[in-house]
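J.: Got a structure for you, questions after.
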Amino acid sequence: MADSSQNVRDEIAALLPRLRRFGRTLARHREDADDLVQTAVERALVRTDQWQPGTRLDSWMFRIMQNAWIDETRARERRGQTFVAEEYGEQIGVSTTDAQIDAIAVRKAVAQLGDDQRAVVGLVLVEGLPYKEAAEVLGVPIGTLTSRLARAREALQAILAGAEGTR
Amino acid sequence: MMMKWTDDTLMAFVDGELDAAQRADIERALAADAALRQRVTALTMQRERVAAAFAPVLDEPVPDRLAGLLRPSSMPPAAAPVNLDERRAARERSARLPSWAQWGGLAASVLMGVLLGMQFKPGGADLAIELRDGQLLAGGAVEKALASQLASQPVVGAPVAVQLSFVDKGGSYCRTFSTAAMAGLACKQGERWAVQSLATAASTPASAVRQAASALPPAVLSAVDQRIAGDALDSAHERQARDRGWRR
């Protein structure tokens, strides 16, 4: 019993880099993203028995993160706080490559999307989940998932095209 | 013919959500329709671009406040591994990224759409990748180079360079190759070479074909790491393998 629980812990530990990455698409700030991962891991650890072996542990963790994010967003709204905007600009240094500059532009564009769209972008485009898995993580029908994804893609393209036009 | 393919269908194609019959329909249409290729390429590029923007997070050290939550309680926190050589190597690997667009996670059919969408010179070595039954195969100059060129004897000025030859975990011969516009890993499968990993030069193709294995894109090198059983072939074994037609 203790062993199987430690196995799940080990598997979650192995997922941490991806959980942090998904956190970065939901929250716009590194510290907020890691706070979110921390909350989700703590929640997962008290209910490891609810995870069904044979189903994807990454999807289960993403769902816990997504729910924790919604809770956090609502709590901050109640308290009248806003999230700190990520200072992407500070990362640009002398040795910054074209790929890094592009990555910053893309992350900035993603940060401008709404919560729903950032979640689908994170799950499908970044984490590579199939539509069906992503829809289950978000608790929406697959048609809703695909229309959100299509709108998010259009919005991203428009933001990035605009940014390039003014460069 | 006009607007036969909706944006939603093309999106599902790029995301690997279509069944084999639908994929085959689009693949056929891609070969004949430049506007369609452009739409598929734009969607593919966007997907890769977004994925690439967040990929570096995976290489960041996981903060101990997170890793510590999952450690068995009896175990003390591990000292942070500081290996400057490794860190420098990782940084240099990522610094090489900008010169390559990497297509690691994409379905073969989507990759083919991208390759067709790129403006390769007709008759050049770069059309030398074929799509058959959802699999990418080396053809033309690439296939010829894989069959005959020795990594141990680089041919200066050849359109295709071969850098490494090795036996994979399944017992097949695999070889890396590059042209001015792409680089990849192919493994012998029956009579053909199946392409396992491919990267395209993102902007202007390099003026010279890369001869050194160290110049291969990280995605191709990591595909080698995943498949290789033991070491790369030395020149004597490579020559023997070639002379036997890469059959084992």
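Naming works like this for the structure tokens: A, B, ... for the chains as they're shown, residue 1 at the start of each chain, ligands 1 onward in shown order.
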I need the chain A residues near chain B as number ranges by chain; criterion: at most 7 Å, counting only C-alpha atoms.
T.: A: 9-10, 13, 17-18, 21, 38, 98-99, 103-104, 106-107, 125-126
J.: Between CA of Gln117 in chain A and CA of Glu77 in chain A, what is the spacing in Å?
T.: 19.1 Å
J.: Running DSSP on the backbone, which parts of range 172-231 of chain B land in alpha helix (DSSP H), as a list of chain:residue names?
T.: B:Pro218, B:Ala219, B:Val220, B:Leu221, B:Ser222, B:Ala223, B:Val224, B:Asp225, B:Gln226, B:Arg227
J.: Take the residues just selected and output them with N, CA and C atoms as a PDB file, in the first residue's frame.
T.:
```pdb
ATOM      1  N   PRO B 218      19.759  19.074 -32.471  1.00  0.00           N
ATOM      2  CA  PRO B 218      19.550  18.318 -31.233  1.00  0.00           C
ATOM      3  C   PRO B 218      18.479  17.236 -31.346  1.00  0.00           C
ATOM      4  N   ALA B 219      17.419  17.504 -32.119  1.00  0.00           N
ATOM      5  CA  ALA B 219      16.340  16.502 -32.213  1.00  0.00           C
ATOM      6  C   ALA B 219      16.859  15.220 -32.857  1.00  0.00           C
ATOM      7  N   VAL B 220      17.733  15.386 -33.863  1.00  0.00           N
ATOM      8  CA  VAL B 220      18.277  14.214 -34.548  1.00  0.00           C
ATOM      9  C   VAL B 220      19.247  13.483 -33.615  1.00  0.00           C
ATOM     10  N   LEU B 221      20.084  14.252 -32.911  1.00  0.00           N
ATOM     11  CA  LEU B 221      21.024  13.622 -31.974  1.00  0.00           C
ATOM     12  C   LEU B 221      20.278  12.883 -30.872  1.00  0.00           C
ATOM     13  N   SER B 222      19.164  13.448 -30.430  1.00  0.00           N
ATOM     14  CA  SER B 222      18.471  12.755 -29.346  1.00  0.00           C
ATOM     15  C   SER B 222      17.765  11.508 -29.879  1.00  0.00           C
ATOM     16  N   ALA B 223      17.338  11.538 -31.153  1.00  0.00           N
ATOM     17  CA  ALA B 223      16.771  10.324 -31.759  1.00  0.00           C
ATOM     18  C   ALA B 223      17.845   9.235 -31.839  1.00  0.00           C
ATOM     19  N   VAL B 224      19.088   9.635 -32.125  1.00  0.00           N
ATOM     20  CA  VAL B 224      20.200   8.675 -32.145  1.00  0.00           C
ATOM     21  C   VAL B 224      20.373   8.084 -30.743  1.00  0.00           C
ATOM     22  N   ASP B 225      20.412   8.966 -29.741  1.00  0.00           N
ATOM     23  CA  ASP B 225      20.595   8.490 -28.359  1.00  0.00           C
ATOM     24  C   ASP B 225      19.541   7.463 -27.962  1.00  0.00           C
ATOM     25  N   GLN B 226      18.307   7.714 -28.425  1.00  0.00           N
ATOM     26  CA  GLN B 226      17.230   6.805 -28.028  1.00  0.00           C
ATOM     27  C   GLN B 226      17.334   5.442 -28.692  1.00  0.00           C
ATOM     28  N   ARG B 227      17.878   5.399 -29.915  1.00  0.00           N
ATOM     29  CA  ARG B 227      17.851   4.141 -30.660  1.00  0.00           C
ATOM     30  C   ARG B 227      19.136   3.343 -30.570  1.00  0.00           C
TER      31      ARG B 227
END
```
J.: For CA of Arg63 in chain A and CA of Ala150 in chain A, determine how far apart the two atoms are, in Å to one decimal place.
T.: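 Interatomic distance here is 21.1 Å.
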J.: Which of these residues is nearest to Asn67 in chain A, using only C-alpha atoms: A:Asp115, A:Glu127, A:Asp49, A:Glu11?
T.: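 Ranking A:Asp115, A:Glu127, A:Asp49, A:Glu11 by distance to Asn67 in chain A, first place goes to A:Asp115.
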J.: Name all residues at most 10 Å from Ser178 in chain B (count only C-alpha atoms; drop same-chain ones fewer than 4 positions away) and give them as a PyMOL selection string.
T.: chain B and resi 126+142+145+159-163+182-185+198-200+209-213+215-217
J.: Please produce a file of those selected residues containing C-alpha atoms, as a compact mmCIF listing (two decimals), in the first residue's frame.
T.:
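Just written: result-v7.txt:
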```txt
# COMPACT_ATOMS: atom_id res chain seq x y z
CA ASP B 126 15.87 17.96 -51.08
CA VAL B 142 19.51 10.69 -49.83
CA ALA B 145 24.03 8.29 -50.09
CA PRO B 159 24.88 16.99 -51.92
CA VAL B 160 24.31 14.59 -49.03
CA ALA B 161 26.59 13.94 -46.06
CA VAL B 162 26.44 10.88 -43.80
CA GLN B 163 27.81 11.36 -40.29
CA MET B 182 17.66 19.24 -43.83
CA ALA B 183 19.14 16.66 -41.52
CA GLY B 184 17.76 13.41 -40.21
CA LEU B 185 18.11 9.87 -38.99
CA LEU B 198 13.99 15.04 -39.48
CA ALA B 199 14.85 18.69 -39.06
CA THR B 200 14.82 21.35 -41.71
CA VAL B 209 26.45 20.45 -46.22
CA ARG B 210 27.28 19.66 -42.62
CA GLN B 211 29.83 16.90 -42.39
CA ALA B 212 30.31 16.66 -38.64
CA ALA B 213 27.94 14.77 -36.36
CA ALA B 215 26.58 19.90 -36.31
CA LEU B 216 23.43 17.76 -36.36
CA PRO B 217 20.32 19.33 -34.84
```
J.: Could you tell me how far CA of Asp64 in chain B lies from CA of Val37 in chain A, in Å and to one decimal?
T.: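 Taking CA of Asp64 in chain B as the start and CA of Val37 in chain A as the end point, the length is 12.3 Å.
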J.: If you count only C-alpha atoms, which residues fall within 8 Å of Leu156 in chain A, apart from same-chain ones fewer than 5 positions away, as an NGL selection string?
T.: :A and (109-110 or 113)
J.: Between A:Gly128, A:Gly162, A:Gly114, A:Gly80, which one has atoms that come closest to Asp58 in chain A, using only C-alpha atoms?
T.: A:Gly128
J.: When you look at Arg242 in chain B with a cut-off of 12 Å (counting only C-alpha atoms), what residues show up, excluding the ones that are within fewer than 5 positions of it in the same chain? I need them as a list in words.
T.: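 Near neighbours after the sequence-gap exclusion: Lys144, Ala145, Leu146, Ala147, Ser148, Gln149, Leu150, Ala151, Ser152, Ser165, Phe166, Tyr173, Cys174, Arg175, Lys188, Leu233, Ser235, Ala236, His237, Arg247 and Arg248 of chain B.
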J.: Nearest to Gly171 in chain B among B:Ala31, B:Ala24, B:Cys187, B:Leu18, with distances taken over only C-alpha atoms: which residue is it?
T.: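 The shortest atom-to-atom distance to Gly171 in chain B comes from B:Cys187.
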